[in-house]
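What follows is the content of upload03.csv, which has CSV, C-alpha atoms:
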```csv
chain,number,residue,atom,x,y,z
B,16,MET,CA,9.9,-29.6,45.5
B,17,LYS,CA,8.3,-31.2,42.4
B,18,ASN,CA,10.1,-33.9,40.4
B,19,LEU,CA,10.4,-33.8,36.7
B,20,CYS,CA,7.3,-36.0,36.0
B,21,GLU,CA,5.1,-33.4,37.8
B,22,TYR,CA,6.1,-30.8,35.2
B,23,GLU,CA,5.1,-32.9,32.2
B,24,SER,CA,2.0,-30.8,31.4
B,25,GLN,CA,4.1,-27.6,31.5
B,26,ILE,CA,6.7,-29.0,29.2
B,27,GLN,CA,4.0,-30.1,26.7
B,28,HIS,CA,2.5,-26.6,26.8
B,29,CYS,CA,5.6,-25.3,25.0
B,30,SER,CA,4.4,-24.4,21.5
B,31,LYS,CA,8.0,-24.2,20.2
B,32,CYS,CA,7.4,-20.6,19.1
B,33,GLY,CA,11.0,-19.7,19.7
B,34,LEU,CA,10.5,-16.4,21.6
B,35,CYS,CA,12.9,-17.7,24.2
B,36,MET,CA,15.6,-17.8,21.6
B,37,SER,CA,15.4,-14.0,21.3
B,38,VAL,CA,16.3,-13.4,25.0
B,39,CYS,CA,18.5,-16.4,25.9
B,40,PRO,CA,22.1,-15.2,26.4
B,41,VAL,CA,23.5,-18.7,25.9
B,42,TYR,CA,21.6,-19.2,22.6
B,43,LYS,CA,22.8,-15.8,21.3
B,44,VAL,CA,26.4,-16.9,21.6
B,45,THR,CA,26.1,-20.6,20.7
B,46,GLY,CA,23.2,-20.7,18.2
B,47,ASN,CA,22.5,-24.2,19.6
B,48,ASP,CA,18.9,-25.1,19.8
B,49,CYS,CA,19.6,-27.6,22.6
B,50,ALA,CA,21.0,-24.7,24.7
B,51,VAL,CA,17.7,-22.8,24.8
B,52,SER,CA,14.5,-23.7,26.8
B,53,ARG,CA,12.7,-24.9,23.7
B,54,GLY,CA,15.4,-27.5,22.8
B,55,LYS,CA,15.7,-28.6,26.4
B,56,PHE,CA,12.0,-29.2,26.7
B,57,ILE,CA,12.1,-31.4,23.6
B,58,MET,CA,14.8,-33.5,25.2
B,59,LEU,CA,13.1,-33.7,28.6
B,60,ASN,CA,9.8,-34.6,26.9
B,61,GLY,CA,11.8,-37.5,25.3
B,62,VAL,CA,12.9,-38.5,28.8
B,63,LEU,CA,9.4,-38.4,30.1
B,64,ASN,CA,8.2,-40.6,27.2
B,65,CYS,CA,11.1,-43.0,27.8
B,66,ASP,CA,12.5,-42.3,24.3
B,67,LEU,CA,15.7,-40.8,25.9
B,68,LYS,CA,17.6,-41.4,29.1
B,69,LEU,CA,18.4,-38.6,31.5
B,70,ASN,CA,22.1,-39.2,31.0
B,71,GLU,CA,25.4,-37.2,31.1
B,72,ASN,CA,24.9,-35.8,27.5
B,73,ILE,CA,21.5,-34.3,28.4
B,74,ASN,CA,22.8,-33.0,31.7
B,75,LYS,CA,25.5,-31.2,29.7
B,76,TYR,CA,22.8,-29.1,28.1
B,77,LEU,CA,21.0,-28.7,31.4
B,78,ASP,CA,24.2,-27.2,32.7
B,79,MET,CA,24.2,-24.8,29.8
B,80,CYS,CA,21.6,-22.6,31.5
B,81,LEU,CA,22.3,-19.4,33.5
B,82,MET,CA,19.0,-19.8,35.4
B,83,CYS,CA,18.3,-16.1,34.6
B,84,ASN,CA,14.7,-17.1,33.7
B,85,ALA,CA,14.6,-14.4,31.0
B,86,CYS,CA,12.7,-16.9,28.8
B,87,LYS,CA,9.9,-17.1,31.3
B,88,ASP,CA,9.2,-13.4,30.9
B,89,PHE,CA,8.9,-13.8,27.1
B,90,CYS,CA,7.0,-17.1,27.1
B,91,PRO,CA,3.4,-16.7,25.9
B,92,VAL,CA,2.2,-19.4,28.4
B,93,GLU,CA,4.6,-18.3,31.2
B,94,ILE,CA,6.4,-21.7,31.5
B,95,ASP,CA,8.8,-21.5,34.4
B,96,ALA,CA,11.9,-23.0,32.7
B,97,ARG,CA,14.1,-22.5,35.8
B,98,LYS,CA,11.9,-24.7,38.0
B,99,ILE,CA,11.6,-27.4,35.4
B,100,LEU,CA,15.4,-27.5,34.8
B,101,LEU,CA,16.1,-27.5,38.5
B,102,ALA,CA,13.8,-30.5,38.9
B,103,ALA,CA,15.6,-32.3,36.0
B,104,LYS,CA,19.0,-31.5,37.6
B,105,ALA,CA,17.7,-32.9,40.9
B,106,ASP,CA,16.5,-36.2,39.2
B,107,TYR,CA,19.9,-36.5,37.4
B,108,PHE,CA,21.9,-35.8,40.5
B,109,GLU,CA,20.0,-38.4,42.5
B,110,SER,CA,20.4,-41.1,39.8
B,111,LYS,CA,24.0,-40.4,39.2
B,112,LYS,CA,25.0,-40.4,42.9
B,113,ASN,CA,28.2,-38.5,42.3
B,114,MET,CA,30.1,-39.0,45.5
B,115,PHE,CA,32.6,-36.3,44.8
B,116,GLU,CA,30.0,-33.6,44.4
B,117,LYS,CA,28.1,-34.9,47.5
B,118,PHE,CA,31.4,-34.7,49.4
B,119,ILE,CA,32.1,-31.1,48.2
B,120,PHE,CA,28.6,-29.9,49.0
B,121,SER,CA,28.5,-31.4,52.5
B,122,THR,CA,28.1,-29.0,55.4
B,123,THR,CA,31.5,-29.9,56.8
B,124,VAL,CA,33.4,-29.3,53.6
B,125,PHE,CA,31.9,-26.6,51.4
B,126,GLU,CA,32.0,-23.7,53.8
B,127,ASN,CA,35.3,-24.8,55.3
B,128,LEU,CA,36.7,-24.9,51.8
B,129,PHE,CA,35.8,-21.3,51.3
B,130,LYS,CA,37.3,-20.4,54.6
B,131,LEU,CA,40.5,-22.1,53.6
B,132,ILE,CA,40.6,-20.3,50.3
B,133,GLY,CA,40.0,-17.0,52.1
B,134,PHE,CA,42.9,-17.7,54.5
B,135,CYS,CA,45.2,-18.6,51.5
B,136,LEU,CA,44.2,-15.4,49.8
B,137,LYS,CA,45.1,-13.3,52.9
B,138,LEU,CA,48.6,-14.7,52.6
B,139,TYR,CA,48.5,-14.1,48.9
B,140,ARG,CA,47.8,-10.4,49.5
B,141,LEU,CA,50.1,-10.2,52.5
B,142,PHE,CA,53.1,-11.1,50.4
B,143,PHE,CA,52.2,-8.7,47.5
B,144,ILE,CA,51.8,-11.6,45.1
B,145,PRO,CA,49.0,-9.7,43.0
B,146,LYS,CA,51.6,-7.0,42.0
B,147,PHE,CA,54.1,-9.7,41.0
B,148,VAL,CA,51.5,-11.6,38.9
B,149,ARG,CA,50.7,-8.4,36.9
B,150,PHE,CA,54.1,-8.7,35.3
B,151,PHE,CA,52.9,-11.8,33.5
B,152,TYR,CA,49.6,-10.3,32.2
B,153,PRO,CA,50.8,-10.0,28.6
B,154,ILE,CA,51.4,-13.7,28.5
B,155,LEU,CA,48.4,-14.8,30.6
B,156,LYS,CA,45.8,-12.9,28.6
B,157,LYS,CA,46.5,-15.0,25.5
B,158,ASN,CA,44.5,-18.0,26.7
B,159,ILE,CA,41.4,-18.6,28.8
B,160,PHE,CA,43.1,-20.2,31.8
B,161,GLY,CA,45.5,-17.3,31.9
B,162,ARG,CA,42.6,-14.8,31.8
B,163,LYS,CA,41.0,-16.7,34.8
B,164,ILE,CA,44.2,-16.1,36.7
B,165,ILE,CA,44.1,-12.4,35.8
B,166,LEU,CA,40.4,-12.3,36.9
B,167,MET,CA,41.0,-13.7,40.3
B,168,ASN,CA,44.2,-11.7,40.8
B,169,GLU,CA,42.4,-8.5,40.1
B,170,TYR,CA,39.3,-9.4,42.2
B,171,VAL,CA,41.2,-10.4,45.3
B,172,ASP,CA,43.7,-7.5,45.2
B,173,ILE,CA,42.1,-5.1,47.8
B,174,SER,CA,43.4,-2.4,50.1
B,175,ASN,CA,43.6,-3.2,53.8
B,176,LEU,CA,40.2,-2.3,55.2
B,177,LYS,CA,39.3,-2.1,58.8
B,178,ARG,CA,35.9,-2.3,60.5
B,179,GLU,CA,35.0,1.0,62.0
B,180,LYS,CA,33.4,1.4,65.4
B,181,HIS,CA,30.6,3.8,66.3
B,182,GLU,CA,29.1,4.2,69.7
B,183,LYS,CA,25.4,4.9,69.0
B,184,GLN,CA,23.9,1.7,67.5
B,185,ILE,CA,20.2,1.5,67.9
B,186,LYS,CA,18.8,-0.8,65.3
B,187,LYS,CA,19.4,-4.6,65.5
B,188,ALA,CA,20.3,-6.2,62.2
B,189,VAL,CA,21.0,-9.8,61.1
B,190,TYR,CA,23.4,-9.6,58.2
B,191,PHE,CA,23.6,-12.6,55.9
B,192,LYS,CA,27.0,-12.4,54.2
B,193,GLY,CA,27.5,-14.1,50.8
B,194,CYS,CA,30.1,-16.9,50.4
B,195,ILE,CA,32.1,-14.6,48.2
B,196,SER,CA,33.0,-12.5,51.3
B,197,TYR,CA,35.5,-15.2,52.2
B,198,ILE,CA,37.3,-14.6,48.9
B,199,ASN,CA,37.0,-10.8,48.9
B,200,PRO,CA,35.8,-9.2,52.2
B,201,LYS,CA,35.7,-5.7,50.8
B,202,THR,CA,32.0,-5.5,50.3
B,203,ARG,CA,31.3,-7.0,53.7
B,204,ILE,CA,33.6,-4.6,55.6
B,205,LEU,CA,32.3,-1.5,53.7
B,206,ALA,CA,28.7,-2.6,54.4
B,207,GLU,CA,29.5,-3.0,58.2
B,208,ASN,CA,31.2,0.4,58.3
B,209,LEU,CA,28.3,2.1,56.5
B,210,LEU,CA,25.7,0.4,58.7
B,211,ALA,CA,27.5,1.3,61.8
B,212,LYS,CA,27.5,5.0,60.8
B,213,ILE,CA,23.7,5.0,60.6
B,214,GLY,CA,23.4,3.3,64.0
B,215,VAL,CA,22.9,-0.3,63.1
B,216,ASN,CA,24.2,-3.0,65.4
B,217,ILE,CA,24.9,-6.2,63.5
B,218,ARG,CA,24.2,-9.4,65.4
B,219,GLU,CA,26.8,-12.1,64.8
B,220,VAL,CA,25.1,-15.2,63.5
B,221,ASP,CA,26.7,-18.4,62.2
B,222,PHE,CA,25.4,-19.0,58.7
B,223,LYS,CA,26.1,-21.6,56.1
B,224,CYS,CA,25.9,-20.9,52.3
B,225,CYS,CA,22.4,-19.8,51.1
B,226,GLY,CA,22.4,-23.1,49.2
B,227,MET,CA,22.2,-21.9,45.6
B,228,PRO,CA,25.2,-23.9,44.4
B,229,MET,CA,23.7,-27.0,45.8
B,230,LEU,CA,20.2,-26.3,44.3
B,231,SER,CA,21.6,-25.4,40.9
B,232,SER,CA,23.6,-28.6,40.8
B,233,GLY,CA,20.6,-30.8,41.9
B,234,ASP,CA,21.8,-31.7,45.4
B,235,ILE,CA,18.4,-31.0,47.1
B,236,GLU,CA,19.4,-32.9,50.3
B,237,GLN,CA,22.3,-30.6,51.0
B,238,PHE,CA,20.2,-27.6,50.0
B,239,LYS,CA,17.6,-28.5,52.5
B,240,LYS,CA,20.2,-28.9,55.2
B,241,ARG,CA,21.4,-25.3,54.5
B,242,ILE,CA,17.8,-24.1,54.8
B,243,GLU,CA,17.2,-25.8,58.1
B,244,TYR,CA,20.6,-24.7,59.5
B,245,ASN,CA,20.2,-21.0,58.5
B,246,LEU,CA,16.6,-20.6,59.6
B,247,LYS,CA,17.2,-22.2,63.0
B,248,ASN,CA,20.3,-19.9,63.6
B,249,ILE,CA,18.5,-16.7,62.8
B,250,PRO,CA,17.4,-15.1,66.1
B,251,ASP,CA,13.8,-13.8,66.6
B,252,ASP,CA,14.9,-10.4,68.0
B,253,PHE,CA,16.0,-8.2,65.1
B,254,ASP,CA,14.7,-5.1,63.3
B,255,VAL,CA,16.0,-5.9,59.8
B,256,PHE,CA,17.4,-8.9,57.9
B,257,LEU,CA,20.1,-7.7,55.5
B,258,THR,CA,21.8,-9.4,52.5
B,259,ASP,CA,24.6,-8.1,50.3
B,260,CYS,CA,23.9,-10.4,47.3
B,261,ALA,CA,20.8,-10.4,45.1
B,262,THR,CA,21.1,-14.1,44.6
B,263,CYS,CA,21.3,-14.9,48.4
B,264,LYS,CA,18.3,-12.7,49.0
B,265,HIS,CA,16.3,-14.3,46.3
B,266,THR,CA,17.2,-17.8,47.4
B,267,ILE,CA,16.4,-17.3,51.1
B,268,GLU,CA,13.1,-15.7,50.2
B,269,HIS,CA,12.1,-18.8,48.2
B,270,TYR,CA,13.1,-21.3,50.9
B,271,SER,CA,9.3,-21.9,51.5
B,272,GLU,CA,9.2,-23.9,48.2
B,273,TYR,CA,11.4,-26.6,49.7
B,274,ILE,CA,10.3,-26.9,53.4
B,275,THR,CA,7.1,-28.1,55.1
B,276,ASP,CA,8.0,-27.4,58.8
B,277,LYS,CA,5.3,-25.0,60.1
B,278,LYS,CA,7.6,-23.3,62.6
B,279,LEU,CA,10.3,-22.7,60.0
B,280,LEU,CA,7.8,-21.4,57.5
B,281,GLU,CA,6.4,-18.9,60.1
B,282,LYS,CA,9.9,-17.8,60.9
B,283,LEU,CA,10.7,-17.4,57.2
B,284,GLU,CA,7.6,-15.2,56.7
B,285,ASN,CA,8.8,-12.9,59.5
B,286,ILE,CA,12.2,-12.8,57.9
B,287,LYS,CA,10.8,-11.9,54.5
B,288,LYS,CA,8.8,-9.0,56.0
B,289,LYS,CA,12.0,-7.5,57.4
B,290,SER,CA,14.2,-8.5,54.5
B,291,LYS,CA,16.2,-5.8,52.6
B,292,SER,CA,19.4,-5.6,50.7
B,293,VAL,CA,22.1,-3.6,52.3
B,294,SER,CA,22.0,-1.1,49.4
B,295,GLU,CA,18.2,-0.7,49.9
B,296,TYR,CA,18.6,-0.1,53.6
B,297,LEU,CA,21.4,2.4,53.2
B,298,LEU,CA,19.6,4.4,50.6
B,299,GLU,CA,16.5,4.5,52.9
B,300,ASN,CA,18.4,5.8,55.9
B,301,LEU,CA,21.4,7.9,54.7
B,302,ASP,CA,21.0,11.7,54.5
B,303,VAL,CA,20.7,13.4,51.1
B,304,ILE,CA,24.1,14.3,49.9
B,305,SER,CA,24.9,17.0,47.2
B,306,LEU,CA,28.1,15.9,45.4
B,307,ASP,CA,30.6,18.7,44.6
B,308,GLU,CA,31.4,17.2,41.2
B,309,LYS,CA,29.2,15.3,38.7
B,310,ILE,CA,29.9,11.6,38.8
B,311,SER,CA,28.7,9.3,36.0
B,312,PHE,CA,27.8,5.7,36.4
B,313,THR,CA,26.0,2.8,34.6
B,314,TYR,CA,24.2,0.0,36.3
B,315,LYS,CA,24.1,-3.8,35.5
B,316,LYS,CA,21.0,-5.3,37.0
B,317,PRO,CA,21.5,-8.8,38.3
B,318,CYS,CA,19.1,-11.6,37.3
B,319,HIS,CA,17.8,-12.0,40.8
B,320,GLU,CA,17.5,-8.3,41.7
B,321,THR,CA,13.8,-7.6,42.3
B,322,ASN,CA,14.1,-3.9,43.2
B,323,LEU,CA,13.7,-2.0,39.9
B,324,ASN,CA,13.9,1.4,41.6
B,325,LEU,CA,17.4,1.2,43.0
B,326,VAL,CA,19.0,3.6,40.5
B,327,ASP,CA,16.2,6.2,41.1
B,328,GLU,CA,16.7,5.8,44.8
B,329,LEU,CA,20.5,6.2,44.4
B,330,CYS,CA,20.1,9.3,42.3
B,331,SER,CA,17.6,10.9,44.7
B,332,LYS,CA,19.9,10.3,47.6
B,333,PHE,CA,23.1,11.6,45.9
B,334,LYS,CA,22.5,14.8,44.0
B,335,ASN,CA,24.7,15.4,40.9
B,336,LEU,CA,24.9,11.8,39.8
B,337,ASP,CA,24.8,11.2,36.1
B,338,TYR,CA,23.2,7.8,35.2
B,339,LYS,CA,23.7,6.4,31.8
B,340,GLN,CA,21.7,3.3,31.0
B,341,MET,CA,23.7,0.6,29.2
B,342,CYS,CA,22.2,-1.5,26.5
B,343,ASN,CA,20.7,-4.8,27.8
B,344,PHE,CA,21.4,-3.6,31.4
B,345,ASP,CA,19.2,-6.5,32.7
B,346,SER,CA,20.7,-9.3,30.6
B,347,CYS,CA,22.7,-11.9,32.4
B,348,CYS,CA,26.4,-11.2,32.9
B,349,GLY,CA,27.3,-14.8,32.0
B,350,PHE,CA,29.1,-15.7,35.3
B,351,ALA,CA,26.3,-17.4,37.3
B,352,GLY,CA,28.6,-19.3,39.8
B,353,SER,CA,29.0,-22.9,38.8
B,354,PHE,CA,28.0,-22.1,35.2
B,355,ALA,CA,31.4,-20.2,34.8
B,356,LEU,CA,33.3,-23.3,36.0
B,357,LYS,CA,31.5,-25.8,33.8
B,358,ASN,CA,31.3,-23.6,30.7
B,359,MET,CA,34.4,-21.4,30.9
B,360,ALA,CA,34.6,-20.3,27.3
B,361,LEU,CA,30.9,-19.8,26.9
B,362,SER,CA,30.7,-17.8,30.2
B,363,GLU,CA,33.5,-15.6,29.0
B,364,ASN,CA,31.9,-14.9,25.6
B,365,ILE,CA,28.6,-13.9,27.3
B,366,SER,CA,30.5,-11.7,29.7
B,367,LEU,CA,32.3,-10.0,26.8
B,368,GLN,CA,28.9,-8.8,25.4
B,369,THR,CA,28.1,-7.3,28.8
B,370,ALA,CA,31.5,-5.6,29.0
B,371,GLU,CA,31.2,-4.1,25.5
B,372,ASN,CA,27.7,-2.7,26.4
B,373,LEU,CA,29.2,-1.2,29.5
B,374,LYS,CA,32.3,0.3,27.9
B,375,SER,CA,30.2,2.1,25.3
B,376,GLN,CA,28.7,4.3,28.0
B,377,LYS,CA,32.2,5.7,29.0
B,378,THR,CA,31.2,6.3,32.6
B,379,ASP,CA,33.3,6.8,35.8
B,380,TYR,CA,31.8,3.7,37.4
B,381,ALA,CA,30.1,0.5,36.5
B,382,VAL,CA,27.8,-0.6,39.4
B,383,THR,CA,25.9,-3.8,40.3
B,384,THR,CA,24.3,-5.4,43.3
B,385,CYS,CA,25.8,-8.9,42.9
B,386,GLU,CA,29.4,-9.9,43.5
B,387,ALA,CA,29.0,-12.6,40.8
B,388,CYS,CA,28.1,-9.8,38.4
B,389,VAL,CA,31.2,-8.0,39.4
B,390,LEU,CA,33.2,-11.1,38.5
B,391,GLY,CA,31.2,-11.5,35.3
B,392,ILE,CA,31.8,-7.9,34.1
B,393,MET,CA,35.5,-8.2,35.1
B,394,GLN,CA,35.8,-11.4,33.1
B,395,GLY,CA,34.3,-9.7,30.0
B,396,LEU,CA,36.6,-6.7,30.4
B,397,ILE,CA,39.7,-8.8,30.7
B,398,LYS,CA,38.6,-10.8,27.6
B,399,SER,CA,38.3,-7.4,25.7
B,400,GLY,CA,41.7,-6.4,26.8
B,401,ASP,CA,40.5,-3.7,29.2
B,402,LEU,CA,42.3,-3.9,32.6
B,403,LYS,CA,41.5,-0.3,33.7
B,404,THR,CA,37.7,-0.3,34.1
B,405,LYS,CA,36.8,-1.6,37.6
B,406,PRO,CA,33.2,-2.7,38.2
B,407,ILE,CA,32.1,-2.3,41.8
B,408,SER,CA,29.2,-3.3,44.0
B,409,MET,CA,26.6,-0.7,44.9
B,410,ILE,CA,27.7,-0.9,48.5
B,411,GLU,CA,31.2,0.1,47.5
B,412,PHE,CA,29.8,2.9,45.2
B,413,ILE,CA,27.8,4.3,48.1
B,414,SER,CA,31.0,4.2,50.3
B,415,VAL,CA,32.9,6.0,47.6
B,416,LEU,CA,30.3,8.7,47.3
B,417,THR,CA,30.0,9.3,51.0
B,418,THR,CA,33.8,9.2,51.5
B,419,ASN,CA,34.4,11.7,48.7
B,420,HIS,CA,31.7,14.0,50.1
B,421,LEU,CA,33.3,13.9,53.6
B,422,LYS,CA,36.7,14.7,52.2
B,423,ASN,CA,35.4,17.7,50.3
B,424,ALA,CA,33.2,18.9,53.2
```
Write out the structure in this file as structure tokens.
Amino acid sequence: MKNLCEYESQIQHCSKCGLCMSVCPVYKVTGNDCAVSRGKFIMLNGVLNCDLKLNENINKYLDMCLMCNACKDFCPVEIDARKILLAAKADYFESKKNMFEKFIFSTTVFENLFKLIGFCLKLYRLFFIPKFVRFFYPILKKNIFGRKIILMNEYVDISNLKREKHEKQIKKAVYFKGCISYINPKTRILAENLLAKIGVNIREVDFKCCGMPMLSSGDIEQFKKRIEYNLKNIPDDFDVFLTDCATCKHTIEHYSEYITDKKLLEKLENIKKKSKSVSEYLLENLDVISLDEKISFTYKKPCHETNLNLVDELCSKFKNLDYKQMCNFDSCCGFAGSFALKNMALSENISLQTAENLKSQKTDYAVTTCEACVLGIMQGLIKSGDLKTKPISMIEFISVLTTNHLKNA
């Protein structure tokens, strides 16, 4: 990975034309020039010229980035703002040496923390606490912290799902489950059930987090440890490598930018050749189904989703689907993991715009291929006062469509 100094020429290539301002979700809400790529490049150029220090104040603006990279697509000279800002974050993290963050991101703490949260949430659901908390929604929705409680309460409140068993399992798959499955296992369980129905045998592999939280915070050391651990644990004997999160898939496929080990690079190339999202694989292998009733849906494309044909593939597989494209369907939802923790009010306001675009379509379902987007859309809906609309993952949507079809058959 390059350090900030190695991006000096790219930063100086910025002509300050301002096209990035027209697509930056953060700038659209804040109107702050320091929050958009152009403004950040001016500050970082000052750092490189020793006119400014890479201090906490500048890092605050580096944190005000969703890493959606929409600005790159509109940049006349195709400056990769995401890579530059990640390099700046890494330089700041190394100079700051925040021991608390290093402790949280360590391989012995981060994943175990998620497992602990998952265990606590099982008890939370077991004692029907989500239903109890709903009585306090009229009070909670009045402030941002209360709305965060509503968000998590709605997200973790799931029905008891069980993994189904099917005898004929021919294909061998490695399934990389996102960290969010510890908090809400619904997508993981539904994916496993659907894959079992089409004869896929999932090989149990011990994975760590894909590493995106560490990378976006600048902790490259812990990010590289995840890369090495995950790649070494992936077996050689499998037919398909599956992910249920667009961000995880994107991060893993770009591991090559951060490692030099030839064996790991060769292994990664083999993984990339067999890599598919669970949604992609299901749509390739499920039989065509004619739905008895027309079902309408809209789709929110995650920032890291690279398959632009998913909606067409879905509609070709399930006849009688009515797709309604929402305005700015490919604009960032505003959640973006740690961004939502560091910029709560800003994240919520960006999500509100996504929710309003979604609600205008008045569809039966709001679908996405990223669990963080599910949370982002829910966050915006709660902010708007809508507690009825439930965004779902595409895996869950496929499960709903196949289940309804079997019931009516």
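Straight-line separation from atom CA of B:Asn324 to atom CA of B:His269: 21.3 Å.
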Do you know which residues are at most 10 Å from stretch 98-105 of chain B counting only C-alpha atoms, after dropping those on the same chain fewer than 2 positions away, and could you put them as number ranges by chain? B: 16-23, 25-26, 52, 55-56, 59, 62, 69, 73-74, 77-78, 80, 82, 84, 94-96, 107-111, 229-236
What lies within 12 Å of B:Phe134 using all atoms listed in the file, ignoring chain neighbours under 4 positions off, as a PyMOL selection string? chain B and resi 127-130+138-141+171+196-200
Between atom CA of B:Arg149 and atom CA of B:Phe354, measure the distance and give it in Å to one decimal.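 Between atom CA of B:Arg149 and atom CA of B:Phe354 the gap is 26.6 Å.
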Could you jot down the atom CA of B:Arg218 to atom CA of B:Val189 separation for me, Å, one decimal place?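 Computing it gives 5.4 Å between the two atoms.
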Excluding B:Leu34 and any residue of its chain fewer than 4 positions from it, enumerate the residues within 8 Å of it, using only C-alpha atoms, and give them as a list in words.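 Near B:Leu34, the qualifying residues are Val38, Cys86, Phe89 and Cys90 of chain B.
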So, counting only C-alpha atoms, which residue among B:Ile365, B:Leu136, B:Val415, B:Cys260 is closest to B:His319?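 Counting only C-alpha atoms, the residue closest to B:His319 is B:Cys260.
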Need the shell around B:Gln376: protein/DNA/RNA residues with any atom at most 8 Å away, counting all atoms listed in the file. Skip same-chain ones fewer than 6 positions apart. Format as a list of chain:residue names?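 Near neighbours after the sequence-gap exclusion: B:Thr313, B:Lys339, B:Gln340, B:Met341.
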Go through B:Val215, B:Ile154, B:Ile204, B:Ala85 and flag the residue nearest B:Ile173, using all atoms listed in the file for the distances.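 Selected residue with least distance to B:Ile173: B:Ile204.
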Which residue, B:Phe350, B:Tyr190, B:Phe142, B:Tyr76, has the smallest gap to B:Phe253 when you use all atoms listed in the file?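 Closest residue, counting all atoms listed in the file: B:Tyr190.
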With all atoms of stretch 119-123 of chain B from the file as input, state the centre and edge lengths in Å to one decimal of the axis-aligned box that has 3 Å extra on each side, as lines of an AutoDock Vina configuration file.
```
center_x = 30.1
center_y = -30.2
center_z = 52.5
size_x = 10.0
size_y = 8.4
size_z = 14.6
```
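For the residues B:Glu299, B:Arg162, B:Cys225, B:Tyr380, ranking by smallest atom-to-atom distance to B:Ser399 using only C-alpha atoms places B:Arg162 first.
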B:Ser346, B:Ile57, B:Phe238, B:Cys49: which is nearest B:Lys117, counting only C-alpha atoms? B:Phe238
Give me the residues within 8 Å of B:Glu126 as number ranges by chain, counting only C-alpha atoms and dropping any in the same chain fewer than 5 places off. B: 194, 223-224
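Candidate residues B:Asn364, B:Asn245, B:Thr258, B:Thr404 were compared for distance to B:Ile217, and the nearest is B:Thr258, using all atoms listed in the file.
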Residues within 10 Å of (32.8, 2.7, 30.5), file coordinates, counting only C-alpha atoms: what are they? Give the list as a ChimeraX atom specification. /B:311-313,339,341,370-381,403-406
